[in-house]
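File shown here: upload_32.cif, holding mmCIF, C-alpha atoms.
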```cif
data_target
loop_
_atom_site.label_atom_id
_atom_site.label_comp_id
_atom_site.auth_asym_id
_atom_site.auth_seq_id
_atom_site.Cartn_x
_atom_site.Cartn_y
_atom_site.Cartn_z
CA MET A 41 65.02 51.97 -104.60
CA ASP A 42 67.27 50.98 -107.49
CA ILE A 43 70.65 49.74 -106.32
CA LYS A 44 72.95 47.96 -108.72
CA LEU A 45 73.57 44.34 -107.86
CA GLU A 46 77.32 44.83 -108.29
CA ARG A 47 77.38 47.17 -105.30
CA TYR A 48 76.11 44.36 -103.09
CA ARG A 49 78.85 42.10 -104.45
CA ILE A 50 81.43 44.75 -103.60
CA PHE A 51 79.89 45.25 -100.16
CA THR A 52 79.97 41.53 -99.26
CA THR A 53 83.52 41.20 -100.59
CA VAL A 54 84.68 44.08 -98.38
CA ALA A 55 82.93 42.45 -95.42
CA ASP A 56 84.53 39.07 -96.17
CA THR A 57 88.04 40.47 -96.67
CA GLY A 58 87.86 43.22 -93.99
CA SER A 59 89.65 45.63 -96.28
CA PHE A 60 88.87 47.95 -99.19
CA SER A 61 92.24 47.20 -100.75
CA ALA A 62 91.85 43.44 -100.39
CA ALA A 63 88.34 43.63 -101.87
CA ALA A 64 89.67 45.66 -104.81
CA GLU A 65 92.33 43.03 -105.44
CA ALA A 66 89.80 40.20 -105.24
CA LEU A 67 87.39 41.94 -107.62
CA PHE A 68 90.08 43.21 -110.02
CA ILE A 69 88.99 46.82 -109.66
CA THR A 70 90.62 49.87 -108.10
CA GLN A 71 90.41 50.69 -104.39
CA SER A 72 88.85 54.01 -105.39
CA ALA A 73 86.06 52.16 -107.20
CA VAL A 74 85.41 50.09 -104.07
CA SER A 75 85.22 53.21 -101.90
CA GLN A 76 82.90 55.00 -104.34
CA ASN A 77 80.50 52.06 -104.54
CA ILE A 78 80.36 51.58 -100.77
CA LYS A 79 79.70 55.32 -100.32
CA ALA A 80 76.93 55.20 -102.95
CA LEU A 81 75.38 52.16 -101.24
CA GLU A 82 75.49 53.85 -97.83
CA ASP A 83 73.87 57.00 -99.28
CA ALA A 84 71.11 54.97 -100.96
CA LEU A 85 70.36 52.99 -97.79
CA GLY A 86 70.81 55.90 -95.38
CA SER A 87 73.09 53.82 -93.16
CA VAL A 88 76.79 53.62 -92.37
CA LEU A 89 77.91 50.08 -93.20
CA PHE A 90 81.55 50.03 -92.07
CA PHE A 91 83.74 51.77 -89.58
CA ARG A 92 87.45 51.87 -89.87
CA ARG A 93 89.90 50.29 -87.52
CA HIS A 94 93.61 49.74 -87.70
CA GLY A 95 94.41 47.63 -90.75
CA GLY A 96 90.92 47.52 -92.23
CA VAL A 97 87.19 47.90 -91.71
CA VAL A 98 84.47 46.10 -89.76
CA LEU A 99 80.71 45.99 -90.17
CA THR A 100 78.46 48.29 -88.22
CA GLU A 101 75.22 46.91 -86.77
CA ALA A 102 73.42 48.09 -89.91
CA GLY A 103 76.15 46.51 -92.01
CA LYS A 104 75.71 43.17 -90.22
CA VAL A 105 71.99 43.17 -90.99
CA LEU A 106 72.61 43.97 -94.66
CA TYR A 107 75.37 41.36 -94.93
CA LYS A 108 73.06 38.66 -93.53
CA TYR A 109 70.53 39.19 -96.34
CA ALA A 110 72.85 40.27 -99.14
CA SER A 111 75.17 37.28 -98.76
CA ARG A 112 72.21 34.88 -98.83
CA ALA A 113 70.71 36.60 -101.88
CA LEU A 114 73.99 36.50 -103.76
CA ALA A 115 74.50 32.86 -102.83
CA MET A 116 71.03 32.02 -104.16
CA LEU A 117 71.72 33.89 -107.39
CA SER A 118 74.97 32.00 -107.76
CA ALA A 119 73.16 28.72 -107.18
CA ALA A 120 70.53 29.68 -109.75
CA GLU A 121 73.23 30.52 -112.30
CA HIS A 122 74.86 27.16 -111.63
CA LYS A 123 71.55 25.32 -111.97
CA LEU A 124 70.74 27.08 -115.24
CA GLY A 125 74.18 26.14 -116.47
CA GLU A 126 73.36 22.51 -115.68
CA TYR A 127 70.07 22.84 -117.58
CA ALA A 128 71.85 24.26 -120.61
CA ALA A 129 74.46 21.48 -120.43
CA LEU A 130 71.66 18.89 -120.01
CA THR A 131 73.12 17.58 -116.78
CA ALA A 132 69.96 18.53 -114.86
CA GLY A 133 66.40 19.57 -115.57
CA GLU A 134 63.05 18.09 -116.49
CA LEU A 135 61.39 16.91 -119.70
CA PRO A 136 57.56 16.95 -119.42
CA ILE A 137 55.85 14.99 -122.22
CA ALA A 138 52.19 14.17 -122.87
CA ALA A 139 51.23 11.10 -124.90
CA SER A 140 48.81 8.18 -124.92
CA ASP A 141 49.68 4.84 -123.35
CA THR A 142 49.88 3.29 -126.82
CA LEU A 143 52.30 5.85 -128.21
CA CYS A 144 54.45 5.63 -125.08
CA MET A 145 54.64 1.86 -125.24
CA HIS A 146 55.04 1.30 -128.96
CA TRP A 147 56.73 4.43 -130.31
CA LEU A 148 58.14 6.69 -127.62
CA MET A 149 59.78 4.09 -125.42
CA PRO A 150 62.97 3.58 -127.50
CA TYR A 151 63.51 7.35 -127.67
CA LEU A 152 62.96 7.74 -123.94
CA GLU A 153 65.41 4.92 -123.25
CA LYS A 154 68.12 6.40 -125.50
CA PHE A 155 67.59 9.91 -124.15
CA HIS A 156 67.81 8.75 -120.54
CA ALA A 157 71.00 6.82 -121.28
CA VAL A 158 72.68 9.92 -122.75
CA TYR A 159 71.20 12.47 -120.30
CA PRO A 160 70.55 10.64 -117.01
CA GLY A 161 70.33 13.92 -115.09
CA ILE A 162 67.15 14.95 -116.94
CA ARG A 163 64.03 13.82 -115.08
CA LEU A 164 61.34 12.43 -117.40
CA ASN A 165 57.82 13.53 -116.51
CA ILE A 166 55.26 11.64 -118.61
CA PHE A 167 51.54 12.47 -118.75
CA ASN A 168 49.55 9.54 -120.18
CA ARG A 169 46.50 11.07 -121.82
CA VAL A 170 44.26 10.73 -124.88
CA THR A 171 44.82 13.24 -127.69
CA SER A 172 42.44 15.95 -126.45
CA GLU A 173 43.98 15.80 -122.99
CA THR A 174 47.57 15.84 -124.26
CA ILE A 175 46.80 19.10 -126.06
CA ALA A 176 45.32 20.49 -122.83
CA GLU A 177 48.49 19.52 -120.93
CA LEU A 178 50.58 21.28 -123.58
CA LYS A 179 48.55 24.48 -123.61
CA SER A 180 48.49 24.63 -119.81
CA GLY A 181 52.30 24.55 -119.73
CA ARG A 182 52.48 21.29 -117.84
CA ALA A 183 53.95 19.53 -120.90
CA GLU A 184 56.46 20.86 -123.42
CA ILE A 185 55.80 18.27 -126.11
CA ALA A 186 52.55 16.44 -126.91
CA PHE A 187 52.39 13.38 -129.11
CA VAL A 188 48.97 13.13 -130.73
CA ASN A 189 46.92 11.18 -133.26
CA LEU A 190 46.12 13.09 -136.45
CA PRO A 191 43.90 14.25 -138.00
CA TYR A 192 42.73 16.33 -135.08
CA PRO A 193 41.27 19.60 -136.48
CA GLN A 194 40.99 21.28 -133.07
CA ALA A 195 44.78 21.24 -132.84
CA GLU A 196 45.67 21.53 -136.52
CA ASN A 197 43.59 24.71 -136.86
CA ASP A 198 45.04 26.27 -133.70
CA ASP A 199 47.66 28.91 -134.59
CA SER A 200 49.15 28.72 -131.10
CA LEU A 201 50.38 25.19 -131.82
CA ARG A 202 53.16 23.89 -134.02
CA ILE A 203 52.55 20.37 -135.34
CA THR A 204 54.93 18.10 -137.22
CA ARG A 205 53.62 14.92 -138.85
CA SER A 206 55.62 11.79 -138.17
CA MET A 207 54.93 8.16 -139.10
CA ALA A 208 51.74 6.97 -140.81
CA LEU A 209 49.44 4.69 -138.80
CA HIS A 210 46.81 2.25 -140.07
CA GLU A 211 43.81 0.83 -138.21
CA ILE A 212 43.08 -2.84 -138.94
CA PHE A 213 40.86 -5.60 -137.58
CA VAL A 214 42.53 -8.66 -136.09
CA CYS A 215 41.51 -11.96 -134.56
CA GLY A 216 43.16 -14.80 -132.69
CA SER A 217 44.28 -18.13 -134.10
CA SER A 218 41.02 -19.90 -133.22
CA PHE A 219 38.65 -17.30 -134.60
CA PRO A 220 37.11 -18.33 -137.95
CA MET A 221 38.70 -16.31 -140.75
CA PRO A 222 36.42 -15.07 -143.53
CA ASP A 223 37.17 -16.28 -147.05
CA HIS A 224 36.74 -12.83 -148.59
CA ALA A 225 37.37 -9.15 -147.86
CA LEU A 226 34.56 -7.86 -145.69
CA THR A 227 32.26 -4.95 -146.45
CA ALA A 228 31.70 -2.24 -143.84
CA LYS A 229 28.34 -3.84 -143.01
CA GLU A 230 29.99 -7.23 -142.49
CA VAL A 231 32.63 -5.68 -140.24
CA ALA A 232 29.90 -4.11 -138.12
CA ALA A 233 28.35 -7.57 -137.62
CA LEU A 234 31.54 -8.97 -136.06
CA PRO A 235 31.97 -9.28 -132.26
CA LEU A 236 34.02 -6.11 -132.13
CA ILE A 237 36.47 -5.06 -129.44
CA MET A 238 37.45 -1.38 -129.65
CA LEU A 239 38.96 1.47 -127.72
CA GLU A 240 36.68 3.57 -125.57
CA ASN A 241 35.03 6.38 -127.49
CA ASN A 242 36.94 9.17 -125.74
CA SER A 243 40.00 8.48 -127.88
CA ASN A 244 40.76 10.23 -131.16
CA THR A 245 41.67 6.89 -132.79
CA ARG A 246 38.26 5.40 -131.98
CA ASN A 247 36.50 8.54 -133.19
CA LEU A 248 38.32 8.43 -136.53
CA VAL A 249 37.33 4.78 -137.08
CA ASP A 250 33.72 5.53 -136.14
CA GLU A 251 33.63 8.48 -138.55
CA HIS A 252 34.98 6.32 -141.39
CA PHE A 253 32.32 3.63 -140.96
CA SER A 254 29.61 6.22 -140.45
CA ALA A 255 30.57 7.68 -143.85
CA CYS A 256 30.07 4.15 -145.22
CA GLY A 257 26.55 4.13 -143.78
CA VAL A 258 27.40 1.83 -140.87
CA HIS A 259 27.28 2.40 -137.13
CA LEU A 260 29.77 0.32 -135.13
CA GLU A 261 28.55 -1.10 -131.82
CA PRO A 262 31.45 -2.94 -130.16
CA GLU A 263 30.66 -5.70 -127.70
CA ILE A 264 33.68 -4.72 -125.59
CA GLU A 265 35.31 -1.32 -125.11
CA LEU A 266 38.77 -1.12 -123.55
CA GLY A 267 41.10 1.61 -122.37
CA SER A 268 44.39 0.48 -123.91
CA HIS A 269 45.82 -0.91 -127.12
CA GLU A 270 47.59 -3.66 -125.17
CA LEU A 271 44.25 -4.96 -123.93
CA LEU A 272 42.86 -4.93 -127.48
CA LEU A 273 45.74 -7.19 -128.55
CA ALA A 274 45.33 -9.48 -125.54
CA PHE A 275 41.56 -9.87 -125.91
CA ALA A 276 41.85 -10.70 -129.62
CA GLU A 277 44.67 -13.16 -128.92
CA ALA A 278 42.38 -14.84 -126.38
CA ASN A 279 39.77 -15.24 -129.17
CA LEU A 280 37.26 -13.05 -127.34
CA GLY A 281 36.38 -11.16 -130.50
CA VAL A 282 37.79 -9.02 -133.30
CA SER A 283 39.89 -6.07 -132.17
CA CYS A 284 40.47 -2.83 -134.03
CA VAL A 285 44.18 -2.12 -133.55
CA THR A 286 47.02 -0.14 -135.10
CA ARG A 287 48.94 -2.33 -137.55
CA GLU A 288 52.28 -0.66 -136.79
CA PHE A 289 51.83 -1.40 -133.08
CA ALA A 290 50.65 -4.98 -133.60
CA SER A 291 53.47 -6.06 -135.93
CA ASP A 292 55.02 -8.57 -133.51
CA HIS A 293 51.68 -10.29 -132.92
CA LEU A 294 51.03 -10.47 -136.66
CA LYS A 295 54.49 -11.75 -137.55
CA ASP A 296 54.48 -14.62 -135.10
CA GLY A 297 50.90 -15.64 -135.87
CA ARG A 298 49.34 -14.80 -132.53
CA LEU A 299 46.98 -12.49 -134.42
CA ARG A 300 45.68 -12.49 -137.98
CA GLU A 301 44.50 -9.48 -139.97
CA ILE A 302 40.96 -9.68 -141.31
CA PRO A 303 40.80 -8.18 -144.83
CA ILE A 304 38.20 -5.48 -145.44
CA LEU A 305 37.16 -3.81 -148.67
CA ASP A 306 37.20 -0.20 -147.50
CA PRO A 307 39.70 0.25 -144.64
CA PRO A 308 39.97 3.54 -142.72
CA ASP A 309 42.37 6.10 -144.17
CA ALA A 310 45.86 6.19 -142.76
CA ARG A 311 46.30 8.63 -139.92
CA SER A 312 49.50 10.20 -138.62
CA LEU A 313 51.43 10.53 -135.43
CA GLY A 314 51.81 14.23 -134.67
CA ILE A 315 54.52 15.96 -132.64
CA CYS A 316 53.06 19.09 -131.11
CA THR A 317 54.68 22.07 -129.34
CA MET A 318 53.61 25.63 -128.55
CA ALA A 319 54.34 27.86 -131.54
CA ASN A 320 55.56 30.93 -129.65
CA VAL A 321 57.11 29.36 -126.55
CA PRO A 322 60.86 28.59 -126.66
CA LEU A 323 61.68 24.99 -125.88
CA SER A 324 63.91 24.08 -122.96
CA ALA A 325 67.30 22.61 -123.77
CA ALA A 326 65.98 19.18 -122.75
CA ALA A 327 62.91 19.34 -125.00
CA ALA A 328 64.95 20.59 -127.95
CA ALA A 329 67.47 17.78 -127.45
CA PHE A 330 64.72 15.17 -127.30
CA LEU A 331 63.19 16.38 -130.57
CA ARG A 332 66.64 16.21 -132.16
CA PHE A 333 66.80 12.53 -131.12
CA ILE A 334 63.57 11.91 -132.99
CA ALA A 335 64.50 14.00 -136.04
CA LYS A 336 67.86 12.24 -136.37
CA ASP A 337 66.21 8.84 -136.25
CA GLU A 338 63.58 9.77 -138.83
CA ALA A 339 65.98 11.52 -141.23
#
```

Could you write out this file's structure as C-alpha cells?
Amino acid sequence: MDIKLERYRIFTTVADTGSFSAAAEALFITQSAVSQNIKALEDALGSVLFFRRHGGVVLTEAGKVLYKYASRALAMLSAAEHKLGEYAALTAGELPIAASDTLCMHWLMPYLEKFHAVYPGIRLNIFNRVTSETIAELKSGRAEIAFVNLPYPQAENDDSLRITRSMALHEIFVCGSSFPMPDHALTAKEVAALPLIMLENNSNTRNLVDEHFSACGVHLEPEIELGSHELLLAFAEANLGVSCVTREFASDHLKDGRLREIPILDPPDARSLGICTMANVPLSAAAAAFLRFIAKDEA
C-alpha cells in the first residue's frame, strides 16, 4: 500500500482542528484539496475516518486508531528532522575516532580540546588502538577517522581507503641523565647491545624499527617491552635502560634534560602520521568539521 505521507499530515490536521476548512487554513491549501485527500486516504484504507456533525467533523473508531499511530509517526519524523538539523548545525551528534594512545596524547589532544570548546554538543568517541586495529575500526564503520602510523602498506594499497600524510615522525634512542653516554655515534650492532626498552611488537612503529635494523643485519632483542610511549619515556628517565621513542613526542623531555638522545650512525627512516577515512563513504558534518580544524592548523 503506497499512501503519500502528506495525506497523513492532512488527516491529523483535520483531526486536531475538527474541521476541513480549519485544516485547509492551517495547511495553506484549499478545502477541496483537504476533502480530496481525506477521500483518497479512506479509499486506500477501506475505512471511513470522519463523520460530520454540526460545525465540523469527528473521528470514527477507525479514525481514532489511525490517528493514534499516524500522530506518533509524524511526531517521530519531526523529531528526526530536528535532530538531523542539529547534526548539520553541529549542535549535536557524535565523532568516532580511532588512534593510538601516543597519537591521542601527543598530537590529537589539542585538536580534540579546541573542537570540544567550539562544538560542545558533539560527543567524542575515541577508540585507542594500534594501527592495524584503527584501520579495522574504520572499515567496520565504528570509526569515521583513523589516525595511523605510515608506512603501512596494507592500508596504503587499499583502494577503499583515503589516506592523507601529515607530520613526519622520527624514532630515536634516549637515556636518562645517569646513563653513560657514548662518545661516538653508534652502529646498528652497538645499538642492539644496549639495554633496550621498546614498544610491544604488535605496534606498527615497533615493526618499522625492527625492519630497519633487520635490513642492517641486526636483530633487536629488547630487555623490556611496554605498551605505551609514556612508559618508554618514564622508564628511560628512571635510568632503567635505553628507550626507542618518537622525537616529536619526547621534545619536552629532551629540552629540559630529563632525557638525552643517543646518536646513531644509521637511524630509521622518518615515518609519517596518516589521516585515514573511507574513500566512498560521505563524512558526517562532525567528522568533516574536525578534519577542517586539522587542515587549517597545518596550512

Å distance separating atom CA of Thr131 of chain A from atom CA of Ile162 of chain A, one decimal place: 6.5 Å

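Counting only C-alpha atoms, the residue from A:Ser217, A:Ser312, A:Ser268, A:Ser254 that sits nearest to Gly281 of chain A is A:Ser217.
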
Leu152 of chain A: which residues within 12 Å, counting only C-alpha atoms, same-chain residues fewer than 4 positions away excluded, as a PDB file with C-alpha atoms, in the coordinates of the input?
```pdb
ATOM      1  CA  LEU A 135      61.390  16.910-119.700  1.00  0.00           C
ATOM      2  CA  PRO A 136      57.560  16.950-119.420  1.00  0.00           C
ATOM      3  CA  ILE A 137      55.850  14.990-122.220  1.00  0.00           C
ATOM      4  CA  LEU A 143      52.300   5.850-128.210  1.00  0.00           C
ATOM      5  CA  CYS A 144      54.450   5.630-125.080  1.00  0.00           C
ATOM      6  CA  MET A 145      54.640   1.860-125.240  1.00  0.00           C
ATOM      7  CA  HIS A 146      55.040   1.300-128.960  1.00  0.00           C
ATOM      8  CA  TRP A 147      56.730   4.430-130.310  1.00  0.00           C
ATOM      9  CA  LEU A 148      58.140   6.690-127.620  1.00  0.00           C
ATOM     10  CA  HIS A 156      67.810   8.750-120.540  1.00  0.00           C
ATOM     11  CA  ALA A 157      71.000   6.820-121.280  1.00  0.00           C
ATOM     12  CA  VAL A 158      72.680   9.920-122.750  1.00  0.00           C
ATOM     13  CA  TYR A 159      71.200  12.470-120.300  1.00  0.00           C
ATOM     14  CA  PRO A 160      70.550  10.640-117.010  1.00  0.00           C
ATOM     15  CA  ILE A 162      67.150  14.950-116.940  1.00  0.00           C
ATOM     16  CA  ARG A 163      64.030  13.820-115.080  1.00  0.00           C
ATOM     17  CA  LEU A 164      61.340  12.430-117.400  1.00  0.00           C
ATOM     18  CA  ASN A 165      57.820  13.530-116.510  1.00  0.00           C
ATOM     19  CA  ILE A 166      55.260  11.640-118.610  1.00  0.00           C
ATOM     20  CA  ALA A 326      65.980  19.180-122.750  1.00  0.00           C
ATOM     21  CA  ALA A 327      62.910  19.340-125.000  1.00  0.00           C
ATOM     22  CA  ALA A 329      67.470  17.780-127.450  1.00  0.00           C
ATOM     23  CA  PHE A 330      64.720  15.170-127.300  1.00  0.00           C
ATOM     24  CA  LEU A 331      63.190  16.380-130.570  1.00  0.00           C
ATOM     25  CA  PHE A 333      66.800  12.530-131.120  1.00  0.00           C
ATOM     26  CA  ILE A 334      63.570  11.910-132.990  1.00  0.00           C
TER      27      ILE A 334
END
```

Could you give me the centre and size, in Å to one decimal, of an axis-aligned box around all listed atoms of segment 64-70 of chain A with 3 Å added on every side, as lines of an AutoDock Vina configuration file?
```
center_x = 89.9
center_y = 45.0
center_z = -107.4
size_x = 10.9
size_y = 15.7
size_z = 11.2
```

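Restricting the calculation to only C-alpha atoms, the smallest distance between Val258 of chain A and any of A:Ser111, A:Thr204, A:Asn168, A:Thr227 is found for A:Thr227.
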
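The spacing separating atom CA of Gly314 of chain A from atom CA of Leu209 of chain A amounts to 10.7 Å.
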
Selection dump of the PyMOL selection byres ((chain A and resi 107) around 12), as a ChimeraX atom specification: /A:48-56,89-90,98-106,108-115

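What the PyMOL selection byres ((chain A and resi 277) around 7) matches in the given file is Cys215, Gly216, Leu273, Ala274, Phe275, Ala276, Ala278, Asn279, Arg298 and Leu299 of chain A.
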
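Atom CA of Lys295 of chain A is positioned 26.7 Å from atom CA of Arg205 of chain A.
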
Picked residues, the PyMOL selection byres ((chain A and resi 288) around 12), as a ChimeraX atom specification: /A:142-143,146-147,207-212,269,285-287,289-295,310-313

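Residues in contact with Ala129 of chain A at up to 9 Å, not including ones fewer than 4 positions away on its chain and judged by all atoms listed in the file, are Leu124, Gly125 and Ala325 of chain A.
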
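In terms of minimum interatomic distance to Leu248 of chain A, A:Leu260 ranks closest within A:Leu260, A:Leu67, A:Ile78, A:Ala138, counting only C-alpha atoms.
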
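Residues lying within 8 Å of Ile237 of chain A, counting all atoms listed in the file and ignoring same-chain neighbours fewer than 5 positions away, are Pro262, Glu263, Ile264, Glu265, Leu266, Leu272, Phe275, Ala276, Gly281, Val282, Ser283 and Cys284 of chain A.
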
Could you save those same residues with C-alpha atoms as a compact mmCIF listing (two decimals), in the frame of the given file?
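The result, written out as out_31.txt:
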```txt
# COMPACT_ATOMS: atom_id res chain seq x y z
CA PRO A 262 31.45 -2.94 -130.16
CA GLU A 263 30.66 -5.70 -127.70
CA ILE A 264 33.68 -4.72 -125.59
CA GLU A 265 35.31 -1.32 -125.11
CA LEU A 266 38.77 -1.12 -123.55
CA LEU A 272 42.86 -4.93 -127.48
CA PHE A 275 41.56 -9.87 -125.91
CA ALA A 276 41.85 -10.70 -129.62
CA GLY A 281 36.38 -11.16 -130.50
CA VAL A 282 37.79 -9.02 -133.30
CA SER A 283 39.89 -6.07 -132.17
CA CYS A 284 40.47 -2.83 -134.03
```

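Among A:Leu130, A:Ile175, A:Ile43, A:Glu121, the residue with the shortest atom-to-atom distance to Gly161 of chain A, counting all atoms listed in the file, is A:Leu130.
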